[in-house]
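Structure first, then comments.
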Amino acid sequence: MNPKDVKNEIFFFDNIEAKVTNTMYGYDELSIVINDKPIDVHLYESTLDSTLLGLYPAWGNALIWKNESKLIWELIDKTDGTYNVPIFLCPDDLDFSCTIISAKVTVGKQVVYWEKIGRVSTYNYNFNDEAKSGILCISAWSDEDWQKYGNTLALCKIGDAEWEKWISENWDEEQNRRLHNYTNTYFQNDSNMDWFDFPKLTFLLEDYRKSIELFRKEL
């Protein structure tokens, strides 16, 4: 079945666009628009939670930490399985330290499903475990890591001078390891999600990809 055939089916498909809209703060911003309305407005109307209005699209180019943006795009670009993909962040912080709204996304051959949308809860987030998930997470080490650090960092603990020196000099790599070894695992665990009472959304894959590519051009 080709996309033209899909469009002729009796199923209802939600329309998704990447479109510049005027935000509640008075400036224009590339937004995720669903059925002719920014998704944050849909969420507010469904939940009556005003804190959902004016959130920044997590697919945008203004994130403080580029490693966090890269992780989001890794999730966006996955085509197998189902993943919790960030779609909004707090506009004041523009990172993972504050509000994170995610969609549970399944990408099919011609259709994309947002099974549900919710807020990442920080209740179970353990900053000590996160700190241990960087260079100290030897279970995730490559053969190259063992060759480079097997006689040094492999023996370190949090707070050791050698560890502190390494992360101060290699923070980009340390942050990237923590994001993949701990933070994303946390995001993918549904017990760490507070799901909204919001209907499932169904998009044509071609429309979804067009929207994604408009955001990608802004990076």
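Ligands are numbered from 1 in the order shown, chains are lettered A, B, ... in the order of the structure tokens, and residues start at 1 in each chain.
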Using only C-alpha atoms, determine which residues lie at most 10 Å from Ala62 in chain A, disregarding the query and same-chain residues fewer than 4 positions distant; provide the list as a list in words.
Tyr56, Pro57, Ala58, Lys66, Ser69, Pro91, Leu94, Asp95, Glu218 and Leu219 of chain A
Spatial neighbours of Leu52 in chain A, 12 Å, only C-alpha atoms, chain gap at least 6 places, as a list in words
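The filter keeps Met24, Pro38, Ile39, Asp40, Val41, His42, Leu43, Tyr44, Glu45, Ser46, Ile87, Phe88, Leu89, Cys90, Pro91, Thr99, Ile100, Ile101, Ile117, Gly118, Arg119 and Phe196 of chain A.
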Expressed in Å to a single decimal, how great is the separation between CA of Phe215 in chain A and CA of His180 in chain A?
22.7 Å
Which polymer residues have any atom within 9 Å of an atom of Val111 in chain A, counting only C-alpha atoms, with same-chain residues fewer than 2 positions away left out, as a PDB file with all heavy atoms, in the first residue's frame?
ATOM      1  N   VAL A   6      -3.059   4.983   1.551  1.00  0.00           N
ATOM      2  CA  VAL A   6      -3.301   5.198   2.981  1.00  0.00           C
ATOM      3  C   VAL A   6      -4.231   6.382   3.188  1.00  0.00           C
ATOM      4  O   VAL A   6      -5.160   6.346   3.988  1.00  0.00           O
ATOM      5  CB  VAL A   6      -1.966   5.435   3.724  1.00  0.00           C
ATOM      6  CG1 VAL A   6      -2.244   5.839   5.166  1.00  0.00           C
ATOM      7  CG2 VAL A   6      -1.115   4.172   3.696  1.00  0.00           C
ATOM      8  N   PHE A  13      -6.410  10.530  10.177  1.00  0.00           N
ATOM      9  CA  PHE A  13      -5.026  10.827  10.470  1.00  0.00           C
ATOM     10  C   PHE A  13      -4.911  12.249  10.983  1.00  0.00           C
ATOM     11  O   PHE A  13      -5.472  13.183  10.395  1.00  0.00           O
ATOM     12  CB  PHE A  13      -4.150  10.650   9.220  1.00  0.00           C
ATOM     13  CG  PHE A  13      -4.033   9.219   8.769  1.00  0.00           C
ATOM     14  CD1 PHE A  13      -4.857   8.722   7.774  1.00  0.00           C
ATOM     15  CD2 PHE A  13      -3.122   8.362   9.365  1.00  0.00           C
ATOM     16  CE1 PHE A  13      -4.764   7.403   7.372  1.00  0.00           C
ATOM     17  CE2 PHE A  13      -3.033   7.037   8.966  1.00  0.00           C
ATOM     18  CZ  PHE A  13      -3.844   6.557   7.969  1.00  0.00           C
ATOM     19  N   THR A 106       5.876   5.438  18.209  1.00  0.00           N
ATOM     20  CA  THR A 106       6.099   4.222  17.435  1.00  0.00           C
ATOM     21  C   THR A 106       6.088   4.599  15.963  1.00  0.00           C
ATOM     22  O   THR A 106       5.121   5.215  15.488  1.00  0.00           O
ATOM     23  CB  THR A 106       5.009   3.168  17.687  1.00  0.00           C
ATOM     24  OG1 THR A 106       4.968   2.848  19.090  1.00  0.00           O
ATOM     25  CG2 THR A 106       5.290   1.901  16.895  1.00  0.00           C
ATOM     26  N   VAL A 107       7.161   4.256  15.250  1.00  0.00           N
ATOM     27  CA  VAL A 107       7.260   4.567  13.821  1.00  0.00           C
ATOM     28  C   VAL A 107       6.990   3.295  13.019  1.00  0.00           C
ATOM     29  O   VAL A 107       7.721   2.310  13.130  1.00  0.00           O
ATOM     30  CB  VAL A 107       8.646   5.132  13.471  1.00  0.00           C
ATOM     31  CG1 VAL A 107       8.742   5.419  11.968  1.00  0.00           C
ATOM     32  CG2 VAL A 107       8.928   6.399  14.265  1.00  0.00           C
ATOM     33  N   GLY A 108       5.924   3.327  12.233  1.00  0.00           N
ATOM     34  CA  GLY A 108       5.614   2.207  11.361  1.00  0.00           C
ATOM     35  C   GLY A 108       6.122   2.448   9.953  1.00  0.00           C
ATOM     36  O   GLY A 108       6.856   3.403   9.698  1.00  0.00           O
ATOM     37  N   LYS A 109       5.729   1.602   9.010  1.00  0.00           N
ATOM     38  CA  LYS A 109       6.202   1.732   7.633  1.00  0.00           C
ATOM     39  C   LYS A 109       5.638   2.971   6.954  1.00  0.00           C
ATOM     40  O   LYS A 109       6.311   3.599   6.134  1.00  0.00           O
ATOM     41  CB  LYS A 109       5.842   0.481   6.837  1.00  0.00           C
ATOM     42  CG  LYS A 109       6.629  -0.755   7.253  1.00  0.00           C
ATOM     43  CD  LYS A 109       6.294  -1.940   6.369  1.00  0.00           C
ATOM     44  CE  LYS A 109       7.130  -3.158   6.756  1.00  0.00           C
ATOM     45  NZ  LYS A 109       6.825  -4.345   5.897  1.00  0.00           N
ATOM     46  N   TYR A 113       2.762   6.749  15.318  1.00  0.00           N
ATOM     47  CA  TYR A 113       1.814   6.863  16.428  1.00  0.00           C
ATOM     48  C   TYR A 113       2.468   7.574  17.608  1.00  0.00           C
ATOM     49  O   TYR A 113       3.595   7.231  17.993  1.00  0.00           O
ATOM     50  CB  TYR A 113       1.359   5.483  16.890  1.00  0.00           C
ATOM     51  CG  TYR A 113       0.744   4.641  15.813  1.00  0.00           C
ATOM     52  CD1 TYR A 113       1.492   3.653  15.166  1.00  0.00           C
ATOM     53  CD2 TYR A 113      -0.588   4.813  15.435  1.00  0.00           C
ATOM     54  CE1 TYR A 113       0.932   2.867  14.173  1.00  0.00           C
ATOM     55  CE2 TYR A 113      -1.158   4.038  14.443  1.00  0.00           C
ATOM     56  CZ  TYR A 113      -0.387   3.062  13.808  1.00  0.00           C
ATOM     57  OH  TYR A 113      -0.934   2.284  12.820  1.00  0.00           O
ATOM     58  N   THR A 202      -2.211   9.935  15.479  1.00  0.00           N
ATOM     59  CA  THR A 202      -1.755   9.098  14.370  1.00  0.00           C
ATOM     60  C   THR A 202      -1.419   9.991  13.185  1.00  0.00           C
ATOM     61  O   THR A 202      -2.275  10.751  12.716  1.00  0.00           O
ATOM     62  CB  THR A 202      -2.844   8.091  13.963  1.00  0.00           C
ATOM     63  OG1 THR A 202      -3.238   7.327  15.105  1.00  0.00           O
ATOM     64  CG2 THR A 202      -2.320   7.148  12.890  1.00  0.00           C
ATOM     65  N   PHE A 203      -0.166   9.907  12.711  1.00  0.00           N
ATOM     66  CA  PHE A 203       0.296  10.750  11.620  1.00  0.00           C
ATOM     67  C   PHE A 203       0.749   9.901  10.436  1.00  0.00           C
ATOM     68  O   PHE A 203       1.262   8.792  10.622  1.00  0.00           O
ATOM     69  CB  PHE A 203       1.482  11.623  12.058  1.00  0.00           C
ATOM     70  CG  PHE A 203       1.303  12.330  13.350  1.00  0.00           C
ATOM     71  CD1 PHE A 203       2.076  12.009  14.461  1.00  0.00           C
ATOM     72  CD2 PHE A 203       0.366  13.348  13.473  1.00  0.00           C
ATOM     73  CE1 PHE A 203       1.932  12.675  15.655  1.00  0.00           C
ATOM     74  CE2 PHE A 203       0.201  14.019  14.675  1.00  0.00           C
ATOM     75  CZ  PHE A 203       0.986  13.677  15.782  1.00  0.00           C
ATOM     76  N   LEU A 204       0.616  10.444   9.243  1.00  0.00           N
ATOM     77  CA  LEU A 204       1.257   9.831   8.097  1.00  0.00           C
ATOM     78  C   LEU A 204       2.760  10.046   8.203  1.00  0.00           C
ATOM     79  O   LEU A 204       3.223  11.144   8.539  1.00  0.00           O
ATOM     80  CB  LEU A 204       0.733  10.442   6.789  1.00  0.00           C
ATOM     81  CG  LEU A 204      -0.660   9.993   6.365  1.00  0.00           C
ATOM     82  CD1 LEU A 204      -1.164  10.865   5.226  1.00  0.00           C
ATOM     83  CD2 LEU A 204      -0.641   8.528   5.952  1.00  0.00           C
ATOM     84  N   LEU A 205       3.529   9.020   7.932  1.00  0.00           N
ATOM     85  CA  LEU A 205       4.979   9.089   8.079  1.00  0.00           C
ATOM     86  C   LEU A 205       5.573  10.205   7.228  1.00  0.00           C
ATOM     87  O   LEU A 205       6.490  10.906   7.662  1.00  0.00           O
ATOM     88  CB  LEU A 205       5.610   7.745   7.701  1.00  0.00           C
ATOM     89  CG  LEU A 205       7.132   7.651   7.769  1.00  0.00           C
ATOM     90  CD1 LEU A 205       7.645   7.955   9.169  1.00  0.00           C
ATOM     91  CD2 LEU A 205       7.604   6.260   7.323  1.00  0.00           C
ATOM     92  N   GLU A 206       5.067  10.397   6.015  1.00  0.00           N
ATOM     93  CA  GLU A 206       5.631  11.426   5.143  1.00  0.00           C
ATOM     94  C   GLU A 206       5.435  12.818   5.736  1.00  0.00           C
ATOM     95  O   GLU A 206       6.331  13.680   5.646  1.00  0.00           O
ATOM     96  CB  GLU A 206       5.022  11.344   3.742  1.00  0.00           C
ATOM     97  CG  GLU A 206       3.533  11.542   3.684  1.00  0.00           C
ATOM     98  CD  GLU A 206       3.001  11.496   2.255  1.00  0.00           C
ATOM     99  OE1 GLU A 206       3.607  12.123   1.370  1.00  0.00           O
ATOM    100  OE2 GLU A 206       1.988  10.813   2.033  1.00  0.00           O
ATOM    101  N   TYR A 208       5.087  13.466   8.976  1.00  0.00           N
ATOM    102  CA  TYR A 208       5.925  13.505  10.178  1.00  0.00           C
ATOM    103  C   TYR A 208       7.363  13.836   9.809  1.00  0.00           C
ATOM    104  O   TYR A 208       8.012  14.682  10.443  1.00  0.00           O
ATOM    105  CB  TYR A 208       5.836  12.145  10.873  1.00  0.00           C
ATOM    106  CG  TYR A 208       6.426  12.092  12.263  1.00  0.00           C
ATOM    107  CD1 TYR A 208       5.797  12.722  13.332  1.00  0.00           C
ATOM    108  CD2 TYR A 208       7.598  11.380  12.520  1.00  0.00           C
ATOM    109  CE1 TYR A 208       6.320  12.655  14.610  1.00  0.00           C
ATOM    110  CE2 TYR A 208       8.125  11.305  13.796  1.00  0.00           C
ATOM    111  CZ  TYR A 208       7.476  11.950  14.836  1.00  0.00           C
ATOM    112  OH  TYR A 208       8.003  11.884  16.108  1.00  0.00           O
TER     113      TYR A 208
END
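Remark: for Phe198 in chain A, the closest of the candidate residues A:Val85, A:Ile212, A:Leu48, A:Leu55 is A:Leu48 (distances computed over only C-alpha atoms).
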Which polymer residues have any atom within 9 Å of an atom of Glu68 in chain A, counting only C-alpha atoms, with same-chain residues fewer than 5 positions away left out, as a VMD selection string?
chain A and resid 63 73 95 to 96 175 to 176 179
Keeping only N, CA and C atoms, write the selected residues to a file as a PDB file, in the first residue's frame.
ATOM      1  N   LEU A  63      18.741  24.619  22.628  1.00  0.00           N
ATOM      2  CA  LEU A  63      19.095  23.888  23.844  1.00  0.00           C
ATOM      3  C   LEU A  63      20.499  24.278  24.310  1.00  0.00           C
ATOM      4  N   TRP A  73      17.692  13.812  19.136  1.00  0.00           N
ATOM      5  CA  TRP A  73      17.646  13.500  17.711  1.00  0.00           C
ATOM      6  C   TRP A  73      17.950  12.036  17.429  1.00  0.00           C
ATOM      7  N   ASP A  95      17.082  22.819  29.015  1.00  0.00           N
ATOM      8  CA  ASP A  95      17.877  21.604  29.200  1.00  0.00           C
ATOM      9  C   ASP A  95      17.037  20.594  29.968  1.00  0.00           C
ATOM     10  N   PHE A  96      17.674  19.490  30.356  1.00  0.00           N
ATOM     11  CA  PHE A  96      16.946  18.417  31.033  1.00  0.00           C
ATOM     12  C   PHE A  96      16.776  18.647  32.538  1.00  0.00           C
ATOM     13  N   GLN A 175      29.522  13.982  30.006  1.00  0.00           N
ATOM     14  CA  GLN A 175      28.085  14.234  29.907  1.00  0.00           C
ATOM     15  C   GLN A 175      27.425  13.282  28.922  1.00  0.00           C
ATOM     16  N   ASN A 176      28.074  13.043  27.792  1.00  0.00           N
ATOM     17  CA  ASN A 176      27.518  12.148  26.787  1.00  0.00           C
ATOM     18  C   ASN A 176      27.361  10.731  27.341  1.00  0.00           C
ATOM     19  N   LEU A 179      24.367  10.689  29.768  1.00  0.00           N
ATOM     20  CA  LEU A 179      23.089  10.756  29.062  1.00  0.00           C
ATOM     21  C   LEU A 179      22.676   9.392  28.516  1.00  0.00           C
TER      22      LEU A 179
END
May I ask which of the residues A:Val120, A:Leu71, A:Ile135, A:Ala18 is the closest one to Asn170 in chain A, counting only C-alpha atoms?
A:Ile135
Let's see if you can do this: from backbone DSSP, list all strand (DSSP E) residues in range 14-123 of chain A, as a PyMOL selection string.
chain A and resi 16-22+28-34+37-38+56-57+82-89+100-107+111-120
Restricting the calculation to only C-alpha atoms, which member of A:Gly26, A:Ser133, A:Asn192, A:Lys200 is positioned closest to Glu173 in chain A?
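The answer is A:Ser133, which sits nearest to Glu173 in chain A.
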